file coords38.tsv (TSV, C-alpha atoms)
chain	number	residue	atom	x	y	z
G	18	MET	CA	43.21	-89.33	-0.88
G	19	SER	CA	42.15	-85.76	-0.19
G	20	LEU	CA	43.23	-82.35	-1.35
G	21	VAL	CA	43.56	-79.33	0.92
G	22	ALA	CA	42.25	-76.14	-0.62
G	23	ARG	CA	41.77	-72.69	0.89
G	24	PHE	CA	38.75	-70.41	0.90
G	25	LYS	CA	38.04	-66.91	2.17
G	26	CYS	CA	35.25	-66.91	4.75
G	27	PRO	CA	32.40	-64.76	3.35
G	28	ALA	CA	31.40	-63.69	6.87
G	29	CYS	CA	34.72	-62.65	8.40
G	30	SER	CA	37.21	-62.79	5.47
G	31	VAL	CA	39.62	-65.12	7.24
G	32	GLU	CA	41.53	-67.54	4.98
G	33	ALA	CA	40.67	-71.09	5.96
G	34	PRO	CA	41.78	-74.54	4.79
G	35	VAL	CA	39.29	-77.18	3.73
G	36	ALA	CA	39.96	-80.85	2.97
G	37	LEU	CA	38.32	-81.96	-0.28
G	38	THR	CA	37.71	-85.69	-0.05
G	39	SER	CA	38.29	-88.06	-2.95
G	40	GLU	CA	34.54	-88.73	-3.03
G	41	LEU	CA	33.83	-85.02	-3.44
G	42	LEU	CA	36.50	-84.63	-6.14
G	43	LYS	CA	35.08	-87.63	-7.97
G	44	GLN	CA	31.61	-86.08	-7.93
G	45	ALA	CA	33.06	-82.76	-9.12
G	46	ALA	CA	34.84	-84.53	-11.99
G	47	GLU	CA	31.59	-86.23	-13.02
G	48	LYS	CA	29.32	-83.18	-12.73
G	49	GLY	CA	31.72	-80.36	-13.52
G	50	ALA	CA	31.20	-78.77	-10.07
G	51	VAL	CA	29.76	-79.65	-6.67
G	52	ARG	CA	28.72	-77.80	-3.59
G	53	ALA	CA	30.16	-78.48	-0.14
G	54	LEU	CA	29.61	-77.07	3.32
G	55	ALA	CA	32.65	-75.84	5.26
G	56	ARG	CA	33.39	-73.80	8.37
G	57	CYS	CA	36.06	-71.21	8.94
G	58	PRO	CA	38.12	-71.33	12.17
G	59	ARG	CA	35.69	-68.82	13.68
G	60	GLY	CA	32.76	-71.14	13.13
G	61	HIS	CA	31.06	-69.33	10.24
G	62	ALA	CA	29.50	-71.73	7.77
G	63	ALA	CA	29.99	-71.28	4.02
G	64	VAL	CA	28.75	-73.07	0.92
G	65	LEU	CA	31.69	-73.75	-1.38
G	66	THR	CA	31.46	-74.42	-5.08
G	67	VAL	CA	34.27	-76.80	-6.04
G	68	ASP	CA	35.09	-77.31	-9.70
G	69	GLN	CA	36.35	-80.45	-11.43
G	70	TYR	CA	39.97	-79.44	-10.86
G	71	GLY	CA	39.54	-79.05	-7.10
G	72	ASN	CA	39.49	-75.24	-7.25
G	73	ILE	CA	37.09	-73.35	-5.04
G	74	ARG	CA	35.05	-71.16	-7.38
G	75	SER	CA	32.94	-69.40	-4.76
G	76	ALA	CA	32.23	-69.29	-1.03
G	77	LEU	CA	28.81	-68.01	0.00
G	78	PRO	CA	27.61	-67.32	3.53
G	79	VAL	CA	25.13	-69.60	5.25
G	80	TYR	CA	22.64	-67.79	7.41
G	81	GLU	CA	22.23	-69.98	10.42
G	82	GLN	CA	19.73	-70.18	13.21
G	83	ALA	CA	17.18	-67.75	11.86
G	84	GLU	CA	14.64	-67.06	14.57
G	85	PRO	CA	11.22	-67.46	12.92
G	86	ASP	CA	9.41	-67.72	16.26
G	87	CYS	CA	10.78	-64.46	17.60
G	88	GLU	CA	9.47	-60.94	17.16
G	89	ILE	CA	10.58	-57.42	17.92
G	90	THR	CA	8.50	-55.75	20.63
G	91	ASP	CA	7.41	-52.10	20.93
G	92	LYS	CA	10.10	-51.64	23.59
G	93	ALA	CA	12.86	-52.08	21.01
G	94	PRO	CA	14.52	-48.75	20.16
G	95	VAL	CA	14.18	-47.48	16.59
G	96	SER	CA	17.97	-47.37	16.10
G	97	VAL	CA	18.44	-51.10	16.74
G	98	ARG	CA	15.31	-52.36	14.99
G	99	PRO	CA	16.81	-52.75	11.49
G	100	ARG	CA	19.70	-54.81	12.84
G	101	LEU	CA	17.40	-56.94	14.99
G	102	ALA	CA	15.04	-57.50	12.05
G	103	ALA	CA	17.95	-58.66	9.88
G	104	ILE	CA	19.15	-61.03	12.61
G	105	LEU	CA	15.69	-62.53	13.08
G	106	GLU	CA	15.23	-62.94	9.36
G	107	LYS	CA	18.63	-64.28	8.39
G	108	GLY	CA	20.17	-65.48	11.64
G	109	ALA	CA	23.15	-64.00	13.41
G	110	ILE	CA	26.02	-63.83	10.93
G	111	THR	CA	28.58	-62.51	13.38
G	112	ASP	CA	29.17	-63.15	17.07
G	113	ALA	CA	28.42	-59.50	17.77
G	114	ASP	CA	24.97	-60.06	16.22
G	115	ALA	CA	24.43	-63.16	18.34
G	116	LEU	CA	25.36	-61.24	21.47
G	117	LEU	CA	23.09	-58.34	20.50
G	118	LEU	CA	20.18	-60.75	20.06
G	119	GLU	CA	20.89	-62.31	23.46
G	120	LYS	CA	20.98	-58.88	25.15
G	121	ALA	CA	17.89	-57.74	23.23
G	122	LYS	CA	15.96	-60.74	24.54
G	123	ALA	CA	17.06	-59.96	28.10
G	124	ALA	CA	16.00	-56.32	27.65
G	125	GLY	CA	12.57	-57.36	26.36
G	126	TRP	CA	13.21	-55.91	22.91
G	127	VAL	CA	12.74	-59.34	21.34
G	128	ILE	CA	10.43	-62.08	22.52
G	129	CYS	CA	10.51	-65.67	21.35
G	130	LEU	CA	7.87	-68.37	21.62
Z	25	MET	CA	45.63	-23.86	13.00
Z	26	LYS	CA	45.74	-24.68	16.73
Z	27	THR	CA	43.14	-27.43	16.22
Z	28	PHE	CA	45.30	-28.92	13.47
Z	29	VAL	CA	48.44	-28.87	15.63
Z	30	ASP	CA	46.62	-30.31	18.65
Z	31	ASN	CA	44.99	-33.10	16.67
Z	32	TRP	CA	47.32	-33.80	13.76
Z	33	GLY	CA	46.90	-37.56	14.20
Z	34	LEU	CA	43.21	-37.35	13.39
Z	35	PHE	CA	44.14	-36.02	9.95
Z	36	LEU	CA	45.90	-39.34	9.30
Z	37	LEU	CA	42.43	-40.82	9.64
Z	38	ALA	CA	40.83	-38.18	7.40
Z	39	ARG	CA	40.13	-40.68	4.63
Z	40	GLU	CA	38.52	-43.22	6.97
Z	41	LEU	CA	36.51	-40.58	8.84
Z	42	ALA	CA	35.32	-39.02	5.60
Z	43	GLU	CA	34.35	-42.44	4.23
Z	44	MET	CA	32.35	-43.14	7.39
Z	45	ALA	CA	30.52	-39.83	7.15
Z	46	GLY	CA	30.01	-39.94	3.36
Z	47	GLY	CA	32.83	-37.70	2.12
Z	48	LEU	CA	33.86	-34.23	3.27
Z	49	ARG	CA	30.35	-32.88	2.73
Z	50	GLY	CA	29.08	-35.78	4.81
Z	51	LEU	CA	31.54	-34.89	7.56
Z	52	LYS	CA	30.27	-31.31	7.59
Z	53	LEU	CA	26.67	-32.56	7.61
Z	54	PHE	CA	27.56	-34.90	10.49
Z	55	MET	CA	28.77	-31.95	12.58
Z	56	GLN	CA	25.66	-29.93	11.73
Z	57	HIS	CA	23.44	-32.79	12.92
Z	58	GLU	CA	25.48	-33.13	16.14
Z	59	GLN	CA	25.04	-29.42	16.90
Z	60	TYR	CA	21.35	-29.61	16.12
Z	61	LYS	CA	20.76	-32.62	18.40
Z	62	LEU	CA	22.74	-31.04	21.23
Z	63	ALA	CA	20.82	-27.77	21.03
Z	64	ALA	CA	17.52	-29.68	20.83
Z	65	ALA	CA	18.41	-31.74	23.93
Z	66	VAL	CA	19.34	-28.62	25.93
Z	67	ARG	CA	16.15	-26.84	24.89
Z	68	ALA	CA	14.07	-29.89	25.84
Z	69	ALA	CA	15.77	-30.16	29.25
Z	70	LEU	CA	15.07	-26.49	29.97
Z	71	GLU	CA	11.46	-26.82	28.85
Z	72	CYS	CA	11.10	-29.79	31.22
Z	73	GLY	CA	12.07	-27.59	34.14
Z	74	ALA	CA	15.86	-27.99	34.44
Z	75	ASP	CA	17.69	-24.89	35.66
Z	76	CYS	CA	20.91	-24.32	33.73
Z	77	ARG	CA	22.53	-22.65	36.80
Z	78	ARG	CA	21.56	-25.49	39.13
Z	79	PRO	CA	21.23	-28.67	37.07
Z	80	PRO	CA	19.18	-31.33	38.86
Z	81	ASN	CA	21.70	-34.15	38.42
Z	82	GLU	CA	24.99	-35.21	36.79
Z	83	VAL	CA	23.46	-36.16	33.42
Z	84	ILE	CA	21.80	-32.79	32.89
Z	85	ALA	CA	24.87	-31.01	34.31
Z	86	LEU	CA	27.03	-32.76	31.72
Z	87	LEU	CA	24.57	-31.90	28.94
Z	88	PHE	CA	24.76	-28.22	29.88
Z	89	ASP	CA	28.55	-28.35	30.23
Z	90	VAL	CA	28.99	-29.88	26.76
Z	91	ALA	CA	26.59	-27.29	25.28
Z	92	ARG	CA	28.42	-24.38	26.96
Z	93	ARG	CA	31.75	-25.61	25.60
Z	94	LYS	CA	30.21	-25.70	22.11
Z	95	GLU	CA	28.85	-22.19	22.75
Z	96	LEU	CA	25.29	-23.35	22.32
Z	97	LEU	CA	24.20	-22.48	25.84
Z	98	LYS	CA	24.69	-18.82	26.74
Z	99	GLU	CA	24.22	-16.55	29.75
Z	100	GLY	CA	20.74	-16.58	31.22
Z	101	CYS	CA	20.05	-20.15	29.99
Z	102	ARG	CA	19.66	-18.92	26.42
Z	103	VAL	CA	20.02	-21.63	23.78
Z	104	VAL	CA	21.48	-20.71	20.41
Z	105	ASN	CA	19.10	-21.48	17.58
Z	106	VAL	CA	20.53	-24.27	15.41
Z	107	PRO	CA	18.39	-24.99	12.34
Z	108	GLU	CA	17.70	-28.61	11.47
Z	109	PRO	CA	20.00	-29.68	8.62
Z	110	LYS	CA	18.08	-29.97	5.38
Z	111	LYS	CA	19.75	-33.20	4.35
Z	112	PRO	CA	19.66	-36.43	6.39
Z	113	PRO	CA	22.99	-37.81	7.68
Z	114	SER	CA	24.83	-40.55	5.77
Z	115	ARG	CA	23.69	-44.15	6.12
Z	116	PHE	CA	26.51	-44.92	8.57
Z	117	ALA	CA	25.76	-41.86	10.69
Z	118	ALA	CA	21.98	-42.33	10.59
Z	119	GLU	CA	22.13	-45.19	13.09
Z	120	TYR	CA	24.29	-43.10	15.42
Z	121	PHE	CA	21.87	-40.17	15.39
Z	122	GLN	CA	18.90	-42.46	15.83
Z	123	MET	CA	20.68	-43.92	18.88
Z	124	ILE	CA	21.12	-40.36	20.24
Z	125	ASP	CA	17.36	-39.88	19.80
Z	126	ASP	CA	16.51	-43.18	21.48
Z	127	ILE	CA	18.81	-42.84	24.46
Z	128	VAL	CA	19.04	-39.08	25.04
Z	129	LEU	CA	16.46	-36.90	23.28
Z	130	ASP	CA	13.35	-39.06	23.62
Z	131	LYS	CA	13.85	-39.44	27.37
Z	132	ILE	CA	15.31	-36.07	28.31
Z	133	CYS	CA	12.37	-35.01	30.50
Z	134	GLU	CA	12.69	-38.24	32.46
Z	135	TYR	CA	16.41	-37.57	33.07
Z	136	VAL	CA	15.51	-34.16	34.49
Z	137	ALA	CA	13.39	-35.84	37.16
Z	138	LYS	CA	15.03	-39.24	37.65
Z	139	SER	CA	18.41	-40.93	37.64
Z	140	PRO	CA	19.31	-42.81	34.41
Z	141	SER	CA	19.02	-46.18	36.16
Z	142	ASP	CA	15.35	-45.39	36.87
Z	143	VAL	CA	14.76	-44.65	33.20
Z	144	ILE	CA	16.83	-47.36	31.48
Z	145	SER	CA	17.03	-50.79	33.11
Z	146	GLU	CA	20.35	-52.60	33.54
Z	147	GLU	CA	19.34	-55.09	30.83
Z	148	GLU	CA	18.45	-52.30	28.41
Z	149	ALA	CA	21.72	-50.46	29.15
Z	150	SER	CA	23.58	-53.69	28.43
Z	151	ALA	CA	21.73	-54.18	25.12
Z	152	TYR	CA	22.30	-50.54	24.14
Z	153	TYR	CA	26.00	-50.94	25.00
Z	154	GLN	CA	26.29	-54.00	22.74
Z	155	ALA	CA	24.41	-52.21	19.95
Z	156	LEU	CA	26.69	-49.17	20.28
Z	157	MET	CA	29.95	-51.13	20.43
Z	158	SER	CA	29.07	-53.28	17.42
Z	159	ALA	CA	27.56	-50.45	15.36
Z	160	PRO	CA	29.37	-50.16	12.00
Z	161	PHE	CA	30.37	-46.51	12.56
Z	162	TYR	CA	32.08	-47.27	15.87
Z	163	VAL	CA	33.73	-50.47	14.62
Z	164	ALA	CA	35.13	-48.55	11.64
Z	165	PHE	CA	36.52	-45.82	13.93
Z	166	ARG	CA	38.27	-48.26	16.27
Z	167	ARG	CA	39.73	-50.27	13.40
Z	168	ALA	CA	41.05	-47.08	11.81
Z	169	ILE	CA	42.89	-45.96	14.96
Z	170	TYR	CA	44.27	-49.45	15.63
Z	171	SER	CA	45.52	-49.77	12.09
Z	172	LYS	CA	46.65	-46.23	11.21
Z	173	LEU	CA	47.78	-44.82	14.57
Z	174	ALA	CA	48.49	-47.62	17.04
Z	175	LYS	CA	49.73	-49.96	14.27
Z	176	LEU	CA	48.88	-52.89	16.50
Z	177	TYR	CA	49.86	-55.40	13.81
Z	178	ARG	CA	53.50	-54.63	14.67
Z	179	TYR	CA	53.20	-56.17	18.13
Z	180	SER	CA	53.28	-59.89	18.91
Z	181	THR	CA	51.55	-59.81	22.28
Z	182	ILE	CA	48.70	-57.40	22.97
Z	183	LEU	CA	46.76	-56.79	26.16
Z	184	ASP	CA	43.30	-55.28	25.62
Z	185	VAL	CA	42.44	-53.55	28.90
Z	186	GLY	CA	38.72	-53.26	29.68
Z	187	ALA	CA	38.06	-55.03	26.42
Z	188	GLY	CA	34.27	-55.16	26.42
Z	189	THR	CA	32.77	-57.49	23.86
Z	190	GLN	CA	33.72	-55.93	20.54
Z	191	ASP	CA	37.20	-54.51	20.92
Z	192	PRO	CA	39.11	-57.85	20.76
Z	193	LEU	CA	37.37	-58.70	17.48
Z	194	ASP	CA	38.44	-55.34	16.02
Z	195	ILE	CA	42.06	-55.76	17.10
Z	196	LEU	CA	42.23	-59.27	15.63
Z	197	SER	CA	40.63	-58.03	12.44
Z	198	VAL	CA	43.33	-55.34	12.06
Z	199	CYS	CA	46.08	-57.92	12.63
Z	200	GLU	CA	44.51	-60.25	10.09
Z	201	MET	CA	44.09	-57.54	7.47
Z	202	ARG	CA	47.81	-56.80	7.79
Z	203	GLY	CA	48.70	-60.50	7.73
Z	204	ALA	CA	50.12	-60.36	11.25
Z	205	LYS	CA	49.83	-62.99	13.95
Z	206	CYS	CA	48.84	-61.15	17.12
Z	207	GLU	CA	48.52	-62.97	20.40
Z	208	LEU	CA	45.73	-61.17	22.18
Z	209	THR	CA	44.63	-61.25	25.81
Z	210	ALA	CA	41.38	-59.48	26.64
Z	211	LEU	CA	41.09	-58.22	30.21
Z	212	GLU	CA	37.75	-57.55	31.82
Z	213	VAL	CA	37.15	-57.12	35.53
Z	214	ASP	CA	33.38	-56.92	35.09
Z	215	ARG	CA	32.10	-60.47	35.58
Z	216	LYS	CA	29.22	-60.11	33.09
Z	217	PHE	CA	31.50	-58.94	30.28
Z	218	CYS	CA	33.97	-61.64	31.14
Z	219	THR	CA	31.35	-64.34	30.69
Z	220	ASP	CA	30.49	-62.92	27.25
Z	221	LEU	CA	34.17	-62.68	26.34
Z	222	GLU	CA	34.81	-66.29	27.28
Z	223	LYS	CA	32.10	-67.33	24.80
Z	224	LEU	CA	33.92	-65.46	22.02
Z	225	ALA	CA	37.50	-66.32	22.98
Z	226	SER	CA	37.73	-69.96	21.95
Z	227	LYS	CA	36.05	-69.27	18.62
Z	228	HIS	CA	38.27	-66.32	17.76
Z	229	GLY	CA	41.54	-67.54	19.23
Z	230	PHE	CA	42.29	-65.07	22.01
Z	231	SER	CA	42.73	-65.40	25.78
Z	232	VAL	CA	40.55	-63.90	28.46
Z	233	ALA	CA	41.67	-62.67	31.87
Z	234	CYS	CA	38.96	-61.84	34.38
Z	235	GLY	CA	41.39	-60.04	36.70
Z	236	TRP	CA	44.82	-58.41	36.70
Z	237	GLU	CA	46.38	-61.25	38.68
Z	238	GLN	CA	46.02	-63.65	35.73
Z	239	LEU	CA	48.19	-61.59	33.39
Z	240	GLY	CA	51.74	-62.00	32.08
Z	241	ARG	CA	53.90	-59.48	30.15
Z	242	TYR	CA	52.83	-57.91	26.86
Z	243	ASP	CA	54.42	-55.83	24.11
Z	244	ILE	CA	51.58	-53.31	24.23
Z	245	ALA	CA	48.48	-52.55	26.28
Z	246	VAL	CA	45.48	-51.00	24.55
Z	247	VAL	CA	43.34	-48.79	26.78
Z	248	GLN	CA	40.47	-47.68	24.56
Z	249	ASN	CA	37.71	-45.58	26.18
Z	250	VAL	CA	38.05	-47.33	29.51
Z	251	LEU	CA	38.92	-44.56	31.98
Z	252	HIS	CA	35.44	-42.98	32.08
Z	253	TRP	CA	33.94	-46.34	33.12
Z	254	ALA	CA	36.63	-47.24	35.69
Z	255	ALA	CA	36.16	-46.75	39.42
Z	256	ASP	CA	39.86	-45.84	39.75
Z	257	PRO	CA	41.47	-44.80	36.43
Z	258	LEU	CA	44.91	-44.35	37.99
Z	259	GLN	CA	44.85	-47.94	39.24
Z	260	VAL	CA	44.00	-49.13	35.69
Z	261	LEU	CA	46.95	-47.25	34.17
Z	262	THR	CA	49.34	-48.28	36.97
Z	263	ALA	CA	48.40	-51.94	36.61
Z	264	ALA	CA	48.78	-51.71	32.82
Z	265	ARG	CA	52.29	-50.30	33.39
Z	266	LYS	CA	53.26	-53.45	35.31
Z	267	HIS	CA	52.19	-55.73	32.51
Z	268	ALA	CA	53.12	-53.96	29.27
Z	269	GLN	CA	56.11	-52.25	27.68
Z	270	ARG	CA	54.00	-49.75	25.76
Z	271	MET	CA	50.48	-48.42	25.94
Z	272	PHE	CA	48.15	-47.03	23.30
Z	273	LEU	CA	45.69	-44.78	25.09
Z	274	SER	CA	42.48	-43.65	23.42
Z	275	GLN	CA	40.04	-41.69	25.51
Z	276	GLY	CA	37.11	-39.43	24.69
Z	277	VAL	CA	37.61	-36.19	26.61
Z	278	ILE	CA	35.39	-33.27	27.61
Z	279	GLU	CA	37.05	-30.76	25.28
Z	280	GLY	CA	35.14	-30.84	22.02
Z	281	ALA	CA	32.82	-33.53	23.41
Z	282	SER	CA	29.54	-34.06	21.62
Z	283	ILE	CA	26.15	-35.28	22.77
Z	284	ALA	CA	27.59	-38.83	22.56
Z	285	PHE	CA	29.34	-38.03	25.85
Z	286	VAL	CA	25.94	-37.56	27.48
Z	287	MET	CA	24.81	-40.85	25.95
Z	288	THR	CA	27.67	-42.80	27.59
Z	289	LYS	CA	26.99	-41.04	30.90
Z	290	ILE	CA	23.39	-42.28	30.72
Z	291	LEU	CA	24.64	-45.81	30.01
Z	292	GLY	CA	26.76	-45.79	33.16
Z	293	ALA	CA	30.02	-43.89	32.59
Z	294	VAL	CA	31.20	-42.59	35.95
Z	295	ARG	CA	33.23	-39.54	35.00
Z	296	SER	CA	34.36	-37.19	32.26
Z	297	LEU	CA	38.01	-36.27	31.97
Z	298	SER	CA	39.92	-33.51	30.23
Z	299	TRP	CA	42.88	-34.40	28.01
Z	300	LYS	CA	45.26	-32.86	30.54
Z	301	GLU	CA	43.80	-35.07	33.29
Z	302	VAL	CA	44.16	-38.16	31.09
Z	303	GLU	CA	47.79	-37.38	30.28
Z	304	ALA	CA	48.57	-36.50	33.90
Z	305	LEU	CA	47.09	-39.79	35.09
Z	306	ALA	CA	49.19	-41.74	32.59
Z	307	LYS	CA	52.36	-39.95	33.70
Z	308	GLN	CA	51.48	-40.49	37.35
Z	309	ALA	CA	51.15	-44.21	36.58
Z	310	GLY	CA	54.74	-44.22	35.31
Z	311	TRP	CA	54.13	-43.93	31.57
Z	312	ARG	CA	56.22	-41.64	29.38
Z	313	PRO	CA	54.57	-40.14	26.28
Z	314	VAL	CA	56.21	-41.24	23.03
Z	315	ARG	CA	53.78	-39.74	20.52
Z	316	ARG	CA	50.57	-37.82	21.00
Z	317	TYR	CA	48.27	-37.98	18.00
Z	318	ALA	CA	45.34	-35.96	19.27
Z	319	LYS	CA	44.23	-34.05	22.35
Z	320	TYR	CA	40.47	-33.75	21.69
Z	321	PRO	CA	37.71	-34.75	21.26
Z	322	ASP	CA	39.59	-38.06	21.54
Z	323	TYR	CA	42.90	-38.11	23.33
Z	324	LEU	CA	45.09	-40.52	21.35
Z	325	ALA	CA	48.68	-41.25	22.38
Z	326	LEU	CA	51.37	-43.88	22.56
Z	327	PHE	CA	53.29	-44.29	25.83
Z	328	LYS	CA	56.38	-46.20	26.84
call {"tool": "encode", "arguments": {"input": "coords38.tsv", "output": "C-alpha cells"}}
result
Amino acid sequence: MSLVARFKCPACSVEAPVALTSELLKQAAEKGAVRALARCPRGHAAVLTVDQYGNIRSALPVYEQAEPDCEITDKAPVSVRPRLAAILEKGAITDADALLLEKAKAAGWVICL
Amino acid sequence: MKTFVDNWGLFLLARELAEMAGGLRGLKLFMQHEQYKLAAAVRAALECGADCRRPPNEVIALLFDVARRKELLKEGCRVVNVPEPKKPPSRFAAEYFQMIDDIVLDKICEYVAKSPSDVISEEEASAYYQALMSAPFYVAFRRAIYSKLAKLYRYSTILDVGAGTQDPLDILSVCEMRGAKCELTALEVDRKFCTDLEKLASKHGFSVACGWEQLGRYDIAVVQNVLHWAADPLQVLTAARKHAQRMFLSQGVIEGASIAFVMTKILGAVRSLSWKEVEALAKQAGWRPVRRYAKYPDYLALFK
C-alpha cells in the first residue's frame, strides 16, 4: 500500500505528487522521519523529509551535475561570471542555467576537461 | 502629465518595477546610471574617431540617435556632462549595467571600425542572448507584464510568437502562480532556437512549432520584443492574426529608448521602430486595438 502526498518543488515551486511506499512509511514510523528523493514534473530533484504520519516536512533542492572539471576562461564577460561560477559549483538548477552553460561552452567562456 | 497619460499601464507595474530597482530611490538611481552609461558610450565613440554627423555604421548611428533623443548629444557633437552616480545600482540592476559595459562600452572603439559580427562571434552573441533573456531583471519584467497587463492566465490556449528560450517558461510560471492551466505553443522560425525549445518543451509541458504552417487556433498570441529581430514584421503580425483571436503586443520602441537598445542592435536586432510604426503595422495586419497600456519606451497593447 502506498500513500500519495504532495510537495512544492524547491526549484520551480510547482506542486507535485509523490507516492510514499509502505516500506518508506514503515521506516518513518520506526525512526520518526526519513528522507526520500523525488522529482517534480519538470525534472528538478528534491530531498523530502517525511514524518511518521506520512506528512512531508520539508523539500530541499538537489544540486545536480556540478561541473568540477570545468573552469571559466578569461573570455567570459564579467556580467555573466557570477552566474557561471554558481552553475559550475552547484550544478544547473534551472533549464535556463543549463542552456546558459551550454552556450557559454560554445562561446569559449567555459572550458571542460 | 503627458508621459503619465501615454504610459498609464506602466504605472500598474510601479510596484514590480520599483522592487526590481530597489524602491523609488533605486528607480531614480537606475535612470541616473542609464544616462551616465549612454553619455560615456557616446563620448568614447567620438574619442575613437566617430563623426556624429556621419556615423560610420548602424550601431554608432543608433547610439547617437538614442543620445540625441535623451538630449545628451547636442549640436556640434557636444556631449552633455553626466556625473557618475555616487551610489552603485541595486543588486538586480547591477548585472544589467555590467552587461552594458561588457557588450557596449568596453568594445565601443571596435564598433566604430568594424561591424558587430566582427567583434562578437555568433556563439558569443548566442550566449549573451541567453544570459540576457534569463537574467533576473528581465525575467521579472516579462512576468510582471504577463501577469498584470496581459493577464495571460485568463486564456486557455496561448501562442508565444518568436518565443526564444525563456519566454515560454515565464508565461507558464505566470499561469501556475495564478493556478491556471494554460496550453502553450511556442513558435520559433529560427532553427537553432527551435532545437533548444524542443529540449525544454517535454519537460515543461508545452508544444513547439518550428514554422507557421504547424499552428492551429489560439485564444491569444503573445508577441514580445519580436519585431526588431524579424526580417518582415508585417508578415509576423499578419500570420499571428490568422492564428489567434487576440494579441498582446510588447515592443521596445525608439522613443525613450536607452542604451539597452544599442545592446540588442549589437546582438543582431535588424531594426528600431517607433510606437506609431508598431501600431500602424498591427493595424495593417488586421488587428484592432482594444487597450493600449504604454507607448514608450515599451509599446504595450492588447489587440483583437
call {"tool": "atom_distance", "arguments": {"input": "coords38.tsv", "atom1": "CA of Ile182 (chain Z)", "atom2": "CA of Leu208 (chain Z)"}}
result
4.9 Å
call {"tool": "closest_atom_pairs", "arguments": {"input": "coords38.tsv", "of": "chain Z", "to": "chain G", "cutoff": "6 Å", "atoms": "all atoms listed in the file", "output": "CSV"}}
result
residue,atom,partner,partner_atom,distance
Z:Glu119,CA,G:Ser96,CA,5.6
Z:Gln122,CA,G:Ser96,CA,5.0
Z:Met123,CA,G:Ser96,CA,5.2
Z:Glu147,CA,G:Ala124,CA,4.8
Z:Glu148,CA,G:Ala124,CA,4.8
Z:Ala151,CA,G:Lys120,CA,4.8
Z:Gln154,CA,G:Leu117,CA,5.8
Z:Lys227,CA,G:Arg59,CA,5.0
Z:His228,CA,G:Arg59,CA,5.4
call {"tool": "residues_around", "arguments": {"input": "coords38.tsv", "residues": "region 133-143 of chain Z", "least_positions_apart": "4", "cutoff": "10 Å", "atoms": "all atoms listed in the file", "output": "list in words"}}
result
Ala65, Ala68, Ala69, Leu70, Glu71, Cys72, Gly73, Ala74, Asp75, Pro79, Pro80, Asn81, Glu82, Val83, Ile84, Ala85, Ile127, Val128, Leu129, Glu148, Ala149, Lys289, Ile290, Leu291 and Gly292 of chain Z
call {"tool": "residues_around", "arguments": {"input": "coords38.tsv", "residues": "Ser75 (chain G)", "least_positions_apart": "4", "cutoff": "10 Å", "atoms": "all atoms listed in the file", "output": "ChimeraX atom specification"}}
result
/G:24-25,27,52,63-68
call {"tool": "closest_residue", "arguments": {"input": "coords38.tsv", "among": "Z:Leu183, Z:Asp194, Z:Pro107, Z:Ala263", "to": "Ser231 (chain Z)", "atoms": "all atoms listed in the file"}}
result
Z:Leu183
call {"tool": "residues_around", "arguments": {"input": "coords38.tsv", "residues": "Arg241 (chain Z)", "least_positions_apart": "2", "cutoff": "9 Å", "atoms": "only C-alpha atoms", "output": "list in words"}}
result
Thr181, Leu183, Leu239, Asp243, Ile244, Lys266, His267, Ala268 and Gln269 of chain Z
call {"tool": "closest_residue", "arguments": {"input": "coords38.tsv", "among": "Z:Val246, Z:Arg270, Z:Leu86, Z:Asp214", "to": "Arg295 (chain Z)", "atoms": "only C-alpha atoms"}}
result
Z:Leu86
call {"tool": "residues_near_point", "arguments": {"input": "coords38.tsv", "point": "(39.8, -63.5, 31.6)", "cutoff": "12 Å", "atoms": "all atoms listed in the file", "output": "ChimeraX atom specification"}}
result
/Z:183-188,208-226,230-239
